[in-house]
$ cat query10.pdb   # PDB, C-alpha atoms
MODEL        1
ATOM      1  CA  MET A   1      63.980 131.847  58.708
ATOM      2  CA  ILE A   2      62.958 128.232  58.624
ATOM      3  CA  TYR A   3      65.414 126.912  56.066
ATOM      4  CA  GLN A   4      68.110 125.880  58.543
ATOM      5  CA  GLN A   5      65.833 123.552  60.520
ATOM      6  CA  ILE A   6      64.664 121.784  57.377
ATOM      7  CA  ILE A   7      68.144 121.451  55.876
ATOM      8  CA  ASP A   8      69.467 120.140  59.206
ATOM      9  CA  LYS A   9      66.724 117.505  59.313
ATOM     10  CA  TYR A  10      67.399 116.012  55.869
ATOM     11  CA  TYR A  11      71.064 116.788  55.129
ATOM     12  CA  PRO A  12      73.571 115.491  57.703
ATOM     13  CA  GLN A  13      76.265 117.851  58.967
ATOM     14  CA  GLY A  14      79.571 117.208  57.253
ATOM     15  CA  SER A  15      78.103 115.333  54.285
ATOM     16  CA  ARG A  16      79.186 116.180  50.760
ATOM     17  CA  LEU A  17      75.542 116.364  49.675
ATOM     18  CA  ARG A  18      74.819 119.004  52.314
ATOM     19  CA  GLU A  19      77.802 120.989  51.087
ATOM     20  CA  VAL A  20      76.513 120.784  47.498
ATOM     21  CA  LEU A  21      72.995 121.865  48.496
ATOM     22  CA  VAL A  22      73.978 124.650  50.876
ATOM     23  CA  SER A  23      76.694 126.091  48.635
ATOM     24  CA  HIS A  24      74.410 126.216  45.595
ATOM     25  CA  SER A  25      71.413 127.498  47.545
ATOM     26  CA  ARG A  26      73.487 130.203  49.240
ATOM     27  CA  GLN A  27      74.646 131.451  45.836
ATOM     28  CA  VAL A  28      71.062 131.542  44.585
ATOM     29  CA  ALA A  29      69.906 133.302  47.764
ATOM     30  CA  ASP A  30      72.661 135.913  47.570
ATOM     31  CA  LEU A  31      71.852 136.737  43.943
ATOM     32  CA  ALA A  32      68.106 136.842  44.632
ATOM     33  CA  LEU A  33      68.622 139.153  47.624
ATOM     34  CA  ASP A  34      70.921 141.384  45.564
ATOM     35  CA  ILE A  35      68.199 141.679  42.923
ATOM     36  CA  VAL A  36      65.602 142.495  45.598
ATOM     37  CA  TRP A  37      67.760 145.358  46.879
ATOM     38  CA  ARG A  38      68.893 146.582  43.460
ATOM     39  CA  ARG A  39      65.408 146.499  41.930
ATOM     40  CA  GLN A  40      63.678 147.489  45.179
ATOM     41  CA  LEU A  41      61.268 144.589  44.812
ATOM     42  CA  PRO A  42      58.347 144.405  47.245
ATOM     43  CA  LEU A  43      59.464 141.109  48.802
ATOM     44  CA  ASP A  44      60.368 140.215  52.376
ATOM     45  CA  PRO A  45      64.105 139.389  52.340
ATOM     46  CA  ALA A  46      63.608 136.639  54.943
ATOM     47  CA  ILE A  47      61.066 134.888  52.690
ATOM     48  CA  VAL A  48      63.360 135.312  49.676
ATOM     49  CA  GLU A  49      66.204 133.711  51.627
ATOM     50  CA  ASP A  50      64.038 130.807  52.815
ATOM     51  CA  ALA A  51      62.717 130.217  49.300
ATOM     52  CA  ALA A  52      66.164 130.272  47.716
ATOM     53  CA  MET A  53      67.733 128.099  50.408
ATOM     54  CA  LEU A  54      64.942 125.493  50.098
ATOM     55  CA  HIS A  55      64.206 125.452  46.365
ATOM     56  CA  ASP A  56      66.315 122.290  45.854
ATOM     57  CA  ILE A  57      65.532 120.564  49.173
ATOM     58  CA  GLY A  58      64.234 117.467  47.338
ATOM     59  CA  ILE A  59      67.468 116.563  45.542
ATOM     60  CA  PHE A  60      68.482 113.910  48.096
ATOM     61  CA  ARG A  61      65.589 111.732  46.912
ATOM     62  CA  THR A  62      66.917 111.682  43.344
ATOM     63  CA  ASP A  63      69.442 109.569  41.500
ATOM     64  CA  ALA A  64      72.184 112.057  40.561
ATOM     65  CA  PRO A  65      75.452 110.543  41.800
ATOM     66  CA  GLY A  66      77.508 113.337  40.228
ATOM     67  CA  ILE A  67      76.197 115.646  42.951
ATOM     68  CA  GLU A  68      76.073 112.979  45.675
ATOM     69  CA  CYS A  69      72.353 112.251  45.319
ATOM     70  CA  HIS A  70      71.728 108.527  45.747
ATOM     71  CA  GLY A  71      67.948 108.318  45.846
ATOM     72  CA  SER A  72      65.722 106.449  43.435
ATOM     73  CA  GLU A  73      63.785 109.195  41.651
ATOM     74  CA  PRO A  74      64.735 110.899  38.363
ATOM     75  CA  TYR A  75      66.426 114.258  39.002
ATOM     76  CA  ILE A  76      63.758 116.148  37.023
ATOM     77  CA  ARG A  77      61.360 115.320  39.883
ATOM     78  CA  HIS A  78      63.415 117.099  42.573
ATOM     79  CA  GLY A  79      61.147 120.145  42.602
ATOM     80  CA  LEU A  80      57.995 118.105  43.166
ATOM     81  CA  LEU A  81      59.756 115.943  45.750
ATOM     82  CA  GLY A  82      60.930 119.063  47.554
ATOM     83  CA  ALA A  83      57.428 120.521  47.451
ATOM     84  CA  GLU A  84      56.045 117.338  49.059
ATOM     85  CA  LEU A  85      58.680 117.503  51.768
ATOM     86  CA  LEU A  86      58.056 121.203  52.443
ATOM     87  CA  ARG A  87      54.303 120.604  52.601
ATOM     88  CA  ALA A  88      54.852 117.780  55.110
ATOM     89  CA  GLU A  89      57.052 120.106  57.190
ATOM     90  CA  GLY A  90      54.286 122.725  57.297
ATOM     91  CA  ALA A  91      56.215 125.264  55.236
ATOM     92  CA  PRO A  92      54.259 128.203  53.832
ATOM     93  CA  ASP A  93      52.659 127.592  50.452
ATOM     94  CA  GLU A  94      54.828 130.267  48.825
ATOM     95  CA  LEU A  95      57.919 128.152  49.591
ATOM     96  CA  VAL A  96      56.207 124.998  48.319
ATOM     97  CA  ARG A  97      55.376 126.810  45.072
ATOM     98  CA  VAL A  98      58.985 127.934  44.557
ATOM     99  CA  ALA A  99      60.202 124.339  44.855
ATOM    100  CA  THR A 100      57.498 123.229  42.421
ATOM    101  CA  THR A 101      58.137 125.870  39.753
ATOM    102  CA  HIS A 102      61.880 126.590  39.651
ATOM    103  CA  THR A 103      62.964 123.780  37.290
ATOM    104  CA  GLY A 104      64.290 125.193  34.014
ATOM    105  CA  THR A 105      62.214 128.283  33.387
ATOM    106  CA  GLY A 106      59.189 126.402  34.598
ATOM    107  CA  LEU A 107      57.608 123.470  32.824
ATOM    108  CA  THR A 108      54.379 123.530  30.859
ATOM    109  CA  SER A 109      52.167 120.533  30.215
ATOM    110  CA  ASP A 110      53.383 120.727  26.585
ATOM    111  CA  ASP A 111      57.036 120.584  27.758
ATOM    112  CA  ILE A 112      56.252 117.499  29.848
ATOM    113  CA  ALA A 113      54.429 115.725  27.015
ATOM    114  CA  ARG A 114      56.875 116.713  24.255
ATOM    115  CA  ARG A 115      59.940 115.609  26.248
ATOM    116  CA  GLY A 116      58.252 112.606  27.860
ATOM    117  CA  LEU A 117      59.221 113.851  31.315
ATOM    118  CA  PRO A 118      58.366 111.628  34.303
ATOM    119  CA  LEU A 119      56.116 114.240  35.914
ATOM    120  CA  PRO A 120      52.384 114.320  36.534
ATOM    121  CA  PRO A 121      50.544 116.277  33.839
ATOM    122  CA  GLY A 122      50.271 119.932  34.711
ATOM    123  CA  ASP A 123      51.862 123.323  34.438
ATOM    124  CA  TYR A 124      54.745 124.051  36.791
ATOM    125  CA  MET A 125      55.356 127.642  35.798
ATOM    126  CA  PRO A 126      56.690 130.335  38.144
ATOM    127  CA  ALA A 127      53.842 132.805  38.572
ATOM    128  CA  SER A 128      54.471 134.982  41.620
ATOM    129  CA  LEU A 129      57.268 137.526  41.861
ATOM    130  CA  LEU A 130      59.043 135.293  44.398
ATOM    131  CA  GLU A 131      58.747 132.210  42.171
ATOM    132  CA  ARG A 132      60.063 134.065  39.118
ATOM    133  CA  LEU A 133      62.935 135.619  41.094
ATOM    134  CA  VAL A 134      64.256 132.343  42.526
ATOM    135  CA  CYS A 135      63.796 130.586  39.188
ATOM    136  CA  TYR A 136      65.879 133.308  37.514
ATOM    137  CA  ALA A 137      68.649 133.402  40.121
ATOM    138  CA  ASP A 138      68.928 129.609  40.077
ATOM    139  CA  LYS A 139      69.892 129.588  36.398
ATOM    140  CA  PHE A 140      73.253 131.254  37.132
ATOM    141  CA  PHE A 141      74.658 128.541  39.400
ATOM    142  CA  SER A 142      75.381 124.862  38.914
ATOM    143  CA  LYS A 143      75.507 122.240  41.626
ATOM    144  CA  SER A 144      77.997 120.181  39.618
ATOM    145  CA  ARG A 145      80.394 122.719  38.121
ATOM    146  CA  GLY A 146      81.880 124.495  41.092
ATOM    147  CA  LYS A 147      81.022 127.825  42.579
ATOM    148  CA  GLN A 148      81.641 130.170  39.683
ATOM    149  CA  ARG A 149      78.646 132.153  38.457
ATOM    150  CA  LYS A 150      77.620 131.362  34.892
ATOM    151  CA  THR A 151      77.739 134.183  32.401
ATOM    152  CA  LEU A 152      74.554 135.406  30.777
ATOM    153  CA  GLU A 153      75.694 133.806  27.516
ATOM    154  CA  GLN A 154      76.268 130.442  29.239
ATOM    155  CA  VAL A 155      72.765 130.566  30.714
ATOM    156  CA  ARG A 156      71.276 131.504  27.362
ATOM    157  CA  ALA A 157      73.104 128.607  25.688
ATOM    158  CA  THR A 158      71.782 126.145  28.284
ATOM    159  CA  MET A 159      68.233 127.453  28.009
ATOM    160  CA  GLY A 160      68.458 127.399  24.215
ATOM    161  CA  ARG A 161      69.358 123.701  24.257
ATOM    162  CA  LEU A 162      66.069 123.090  26.069
ATOM    163  CA  GLY A 163      64.131 124.726  23.237
ATOM    164  CA  PRO A 164      63.135 128.140  21.939
ATOM    165  CA  GLU A 165      60.193 128.392  24.353
ATOM    166  CA  THR A 166      62.489 127.844  27.324
ATOM    167  CA  LEU A 167      64.944 130.436  26.042
ATOM    168  CA  GLU A 168      62.160 132.971  25.507
ATOM    169  CA  ARG A 169      60.868 132.392  29.040
ATOM    170  CA  PHE A 170      64.399 132.992  30.340
ATOM    171  CA  GLU A 171      64.641 136.199  28.310
ATOM    172  CA  GLN A 172      61.399 137.386  29.909
ATOM    173  CA  LEU A 173      62.855 136.686  33.352
ATOM    174  CA  HIS A 174      66.077 138.470  32.385
ATOM    175  CA  ARG A 175      64.140 141.557  31.282
ATOM    176  CA  GLU A 176      62.414 141.550  34.668
ATOM    177  CA  PHE A 177      65.443 140.863  36.891
ATOM    178  CA  GLY A 178      68.671 141.312  34.901
ATOM    179  CA  ASP A 179      71.157 144.145  35.002
TER
ENDMDL
END

$ encode --input "query10.pdb" --output "structure tokens"
Amino acid sequence: MIYQQIIDKYYPQGSRLREVLVSHSRQVADLALDIVWRRQLPLDPAIVEDAAMLHDIGIFRTDAPGIECHGSEPYIRHGLLGAELLRAEGAPDELVRVATTHTGTGLTSDDIARRGLPLPPGDYMPASLLERLVCYADKFFSKSRGKQRKTLEQVRATMGRLGPETLERFEQLHREFGD
């Protein structure tokens, strides 16, 4: 497990931001690991834990004061910022890819253009089993609304507000990983 070293390097002990990151990431990791065991997925639990614990590592570079992020970048960029950081730390590419692809249900070049998102053109879609798993588990937990797991209907409502394509991608993930 490499996640602890990286979190320790960028998120000071005792800070509210560290608490936000670690609490959220732990919830995502626990759900992802539960799905691995329940579905008997062919994934290394240690890699699943690292991926889930590091998927949001880039949030400190964003401007999201509601969750104690006081950086300068738009929050939508946190996945790409985290991927850059993980790459610089020598993390395995599979962890870099999870950070890159977990936002929403992934982002297509059409999503970026249609919404005018401040991201480089490209497709940031979860492709591997690990990427899809962490993306799915992440949808059930908020960094800003406490520690309670969202219901399936709450997740569907959120995804629906992002558009029918996003909701359909979530439904595909739910068919793969849901109860």

$ closest_atom_pairs --input "query10.pdb" --of "stretch 24-106 of chain A" --to "stretch 117-140 of chain A" --cutoff "12 Å" --atoms "only C-alpha atoms" --output "Markdown table"
| residue | atom | partner | partner_atom | distance |
| --- | --- | --- | --- | --- |
| A:His24 | CA | A:Asp138 | CA | 8.5 |
| A:Ser25 | CA | A:Asp138 | CA | 8.1 |
| A:Arg26 | CA | A:Asp138 | CA | 10.3 |
| A:Gln27 | CA | A:Asp138 | CA | 8.3 |
| A:Val28 | CA | A:Asp138 | CA | 5.3 |
| A:Ala29 | CA | A:Ala137 | CA | 7.7 |
| A:Asp30 | CA | A:Ala137 | CA | 8.8 |
| A:Leu31 | CA | A:Ala137 | CA | 6.0 |
| A:Ala32 | CA | A:Ala137 | CA | 5.7 |
| A:Leu33 | CA | A:Leu133 | CA | 9.4 |
| A:Asp34 | CA | A:Ala137 | CA | 9.9 |
| A:Ile35 | CA | A:Leu133 | CA | 8.2 |
| A:Val36 | CA | A:Leu133 | CA | 8.6 |
| A:Arg39 | CA | A:Leu133 | CA | 11.2 |
| A:Leu41 | CA | A:Leu129 | CA | 8.6 |
| A:Pro42 | CA | A:Leu129 | CA | 8.8 |
| A:Leu43 | CA | A:Leu130 | CA | 7.3 |
| A:Asp44 | CA | A:Leu130 | CA | 9.5 |
| A:Pro45 | CA | A:Leu130 | CA | 10.3 |
| A:Ala46 | CA | A:Leu130 | CA | 11.6 |
| A:Ile47 | CA | A:Leu130 | CA | 8.5 |
| A:Val48 | CA | A:Leu130 | CA | 6.8 |
| A:Glu49 | CA | A:Val134 | CA | 9.4 |
| A:Asp50 | CA | A:Val134 | CA | 10.4 |
| A:Ala51 | CA | A:Val134 | CA | 7.3 |
| A:Ala52 | CA | A:Val134 | CA | 5.9 |
| A:Met53 | CA | A:Val134 | CA | 9.6 |
| A:Leu54 | CA | A:Val134 | CA | 10.2 |
| A:His55 | CA | A:Val134 | CA | 7.9 |
| A:Asp56 | CA | A:Asp138 | CA | 9.7 |
| A:Glu73 | CA | A:Pro118 | CA | 9.4 |
| A:Pro74 | CA | A:Pro118 | CA | 7.6 |
| A:Tyr75 | CA | A:Pro118 | CA | 9.7 |
| A:Ile76 | CA | A:Pro118 | CA | 7.5 |
| A:Arg77 | CA | A:Leu119 | CA | 6.7 |
| A:His78 | CA | A:Leu119 | CA | 10.3 |
| A:Gly79 | CA | A:Tyr124 | CA | 9.5 |
| A:Leu80 | CA | A:Leu119 | CA | 8.4 |
| A:Leu81 | CA | A:Leu119 | CA | 10.6 |
| A:Ala83 | CA | A:Tyr124 | CA | 11.5 |
| A:Asp93 | CA | A:Glu131 | CA | 11.3 |
| A:Glu94 | CA | A:Leu130 | CA | 7.9 |
| A:Leu95 | CA | A:Glu131 | CA | 8.5 |
| A:Val96 | CA | A:Glu131 | CA | 9.8 |
| A:Arg97 | CA | A:Glu131 | CA | 7.0 |
| A:Val98 | CA | A:Glu131 | CA | 4.9 |
| A:Ala99 | CA | A:Glu131 | CA | 8.4 |
| A:Thr100 | CA | A:Tyr124 | CA | 6.3 |
| A:Thr101 | CA | A:Tyr124 | CA | 4.9 |
| A:His102 | CA | A:Cys135 | CA | 4.5 |
| A:Thr103 | CA | A:Cys135 | CA | 7.1 |
| A:Gly104 | CA | A:Cys135 | CA | 7.5 |
| A:Thr105 | CA | A:Cys135 | CA | 6.4 |
| A:Gly106 | CA | A:Met125 | CA | 4.2 |

$ residues_around --input "query10.pdb" --residues "A:Ser72" --least-positions-apart "5" --cutoff "10 Å" --atoms "all atoms listed in the file" --output "ChimeraX atom specification"
/A:60-64

$ resolve_selection --input "query10.pdb" --expression "the PyMOL selection byres ((chain A and resi 162-166) around 10)" --output "compact mmCIF listing (two decimals) with C-alpha atoms, in the coordinates of the input"
# COMPACT_ATOMS: atom_id res chain seq x y z
CA GLY A 104 64.29 125.19 34.01
CA THR A 105 62.21 128.28 33.39
CA GLY A 106 59.19 126.40 34.60
CA LEU A 107 57.61 123.47 32.82
CA THR A 108 54.38 123.53 30.86
CA ASP A 111 57.04 120.58 27.76
CA ARG A 115 59.94 115.61 26.25
CA ARG A 156 71.28 131.50 27.36
CA ALA A 157 73.10 128.61 25.69
CA THR A 158 71.78 126.14 28.28
CA MET A 159 68.23 127.45 28.01
CA GLY A 160 68.46 127.40 24.22
CA ARG A 161 69.36 123.70 24.26
CA LEU A 167 64.94 130.44 26.04
CA GLU A 168 62.16 132.97 25.51
CA ARG A 169 60.87 132.39 29.04
CA PHE A 170 64.40 132.99 30.34
CA GLU A 171 64.64 136.20 28.31
CA GLN A 172 61.40 137.39 29.91

$ atom_distance --input "query10.pdb" --atom1 "atom CA of A:Gln4" --atom2 "atom CA of A:Trp37"
22.7 Å

$ atom_distance --input "query10.pdb" --atom1 "atom CA of A:Ile112" --atom2 "atom CA of A:Gly71"
21.8 Å

$ closest_residue --input "query10.pdb" --among "A:Leu173, A:Ser142, A:Arg38, A:Ile59" --to "A:Leu17" --atoms "all atoms listed in the file"
A:Ile59

$ atom_distance --input "query10.pdb" --atom1 "atom CA of A:Lys147" --atom2 "atom CA of A:Glu68"
16.0 Å

$ residues_around --input "query10.pdb" --residues "A:Glu19" --least-positions-apart "6" --cutoff "10 Å" --atoms "all atoms listed in the file" --output "compact mmCIF listing (two decimals) with C-alpha atoms, in the frame of the given file"
# COMPACT_ATOMS: atom_id res chain seq x y z
CA TYR A 11 71.06 116.79 55.13
CA PRO A 12 73.57 115.49 57.70
CA GLN A 13 76.26 117.85 58.97
CA SER A 25 71.41 127.50 47.54
CA ILE A 67 76.20 115.65 42.95
CA GLU A 68 76.07 112.98 45.68
CA LYS A 143 75.51 122.24 41.63

$ build_atoms --input "query10.pdb" --residues "stretch 5-24 of chain A" --atoms "N, CA, C and O atoms" --output "mmCIF file, in the frame of the given file"
data_model
loop_
_atom_site.group_PDB
_atom_site.id
_atom_site.type_symbol
_atom_site.label_atom_id
_atom_site.label_comp_id
_atom_site.auth_asym_id
_atom_site.auth_seq_id
_atom_site.Cartn_x
_atom_site.Cartn_y
_atom_site.Cartn_z
ATOM 1 N N GLN A 5 66.420 124.725 59.860
ATOM 2 C CA GLN A 5 65.833 123.552 60.520
ATOM 3 C C GLN A 5 65.552 122.434 59.528
ATOM 4 O O GLN A 5 65.809 121.263 59.808
ATOM 5 N N ILE A 6 65.030 122.793 58.369
ATOM 6 C CA ILE A 6 64.664 121.784 57.377
ATOM 7 C C ILE A 6 65.919 121.170 56.761
ATOM 8 O O ILE A 6 66.007 119.949 56.605
ATOM 9 N N ILE A 7 66.892 121.989 56.415
ATOM 10 C CA ILE A 7 68.144 121.451 55.876
ATOM 11 C C ILE A 7 68.793 120.525 56.898
ATOM 12 O O ILE A 7 69.235 119.423 56.562
ATOM 13 N N ASP A 8 68.843 120.962 58.159
ATOM 14 C CA ASP A 8 69.467 120.140 59.206
ATOM 15 C C ASP A 8 68.774 118.780 59.347
ATOM 16 O O ASP A 8 69.431 117.775 59.624
ATOM 17 N N LYS A 9 67.482 118.739 59.149
ATOM 18 C CA LYS A 9 66.724 117.505 59.313
ATOM 19 C C LYS A 9 67.030 116.477 58.222
ATOM 20 O O LYS A 9 67.052 115.277 58.489
ATOM 21 N N TYR A 10 67.275 116.935 57.000
ATOM 22 C CA TYR A 10 67.399 116.012 55.869
ATOM 23 C C TYR A 10 68.820 115.887 55.297
ATOM 24 O O TYR A 10 69.082 114.973 54.526
ATOM 25 N N TYR A 11 69.703 116.779 55.677
ATOM 26 C CA TYR A 11 71.064 116.788 55.129
ATOM 27 C C TYR A 11 72.059 116.772 56.280
ATOM 28 O O TYR A 11 72.273 117.792 56.938
ATOM 29 N N PRO A 12 72.684 115.628 56.547
ATOM 30 C CA PRO A 12 73.571 115.491 57.703
ATOM 31 C C PRO A 12 74.766 116.447 57.654
ATOM 32 O O PRO A 12 75.370 116.653 56.597
ATOM 33 N N GLN A 13 75.080 117.005 58.818
ATOM 34 C CA GLN A 13 76.265 117.851 58.967
ATOM 35 C C GLN A 13 77.485 117.101 58.438
ATOM 36 O O GLN A 13 77.639 115.910 58.684
ATOM 37 N N GLY A 14 78.336 117.801 57.724
ATOM 38 C CA GLY A 14 79.571 117.208 57.253
ATOM 39 C C GLY A 14 79.458 116.368 55.996
ATOM 40 O O GLY A 14 80.464 115.895 55.481
ATOM 41 N N SER A 15 78.253 116.158 55.490
ATOM 42 C CA SER A 15 78.103 115.333 54.285
ATOM 43 C C SER A 15 78.395 116.173 53.039
ATOM 44 O O SER A 15 78.156 117.377 52.999
ATOM 45 N N ARG A 16 78.899 115.512 52.032
ATOM 46 C CA ARG A 16 79.186 116.180 50.760
ATOM 47 C C ARG A 16 77.890 116.698 50.126
ATOM 48 O O ARG A 16 77.857 117.774 49.555
ATOM 49 N N LEU A 17 76.809 115.938 50.248
ATOM 50 C CA LEU A 17 75.542 116.364 49.675
ATOM 51 C C LEU A 17 75.054 117.659 50.331
ATOM 52 O O LEU A 17 74.570 118.560 49.650
ATOM 53 N N ARG A 18 75.210 117.757 51.643
ATOM 54 C CA ARG A 18 74.819 119.004 52.314
ATOM 55 C C ARG A 18 75.645 120.168 51.782
ATOM 56 O O ARG A 18 75.117 121.251 51.525
ATOM 57 N N GLU A 19 76.931 119.935 51.609
ATOM 58 C CA GLU A 19 77.802 120.989 51.087
ATOM 59 C C GLU A 19 77.340 121.433 49.696
ATOM 60 O O GLU A 19 77.294 122.627 49.398
ATOM 61 N N VAL A 20 77.001 120.475 48.845
ATOM 62 C CA VAL A 20 76.513 120.784 47.498
ATOM 63 C C VAL A 20 75.242 121.618 47.580
ATOM 64 O O VAL A 20 75.124 122.669 46.939
ATOM 65 N N LEU A 21 74.276 121.161 48.370
ATOM 66 C CA LEU A 21 72.995 121.865 48.496
ATOM 67 C C LEU A 21 73.176 123.260 49.066
ATOM 68 O O LEU A 21 72.684 124.242 48.503
ATOM 69 N N VAL A 22 73.867 123.363 50.186
ATOM 70 C CA VAL A 22 73.978 124.650 50.876
ATOM 71 C C VAL A 22 74.790 125.642 50.054
ATOM 72 O O VAL A 22 74.424 126.817 49.956
ATOM 73 N N SER A 23 75.871 125.192 49.443
ATOM 74 C CA SER A 23 76.694 126.091 48.635
ATOM 75 C C SER A 23 75.887 126.649 47.465
ATOM 76 O O SER A 23 75.864 127.864 47.234
ATOM 77 N N HIS A 24 75.227 125.776 46.736
ATOM 78 C CA HIS A 24 74.410 126.216 45.595
ATOM 79 C C HIS A 24 73.274 127.134 46.062
ATOM 80 O O HIS A 24 73.072 128.218 45.501
#
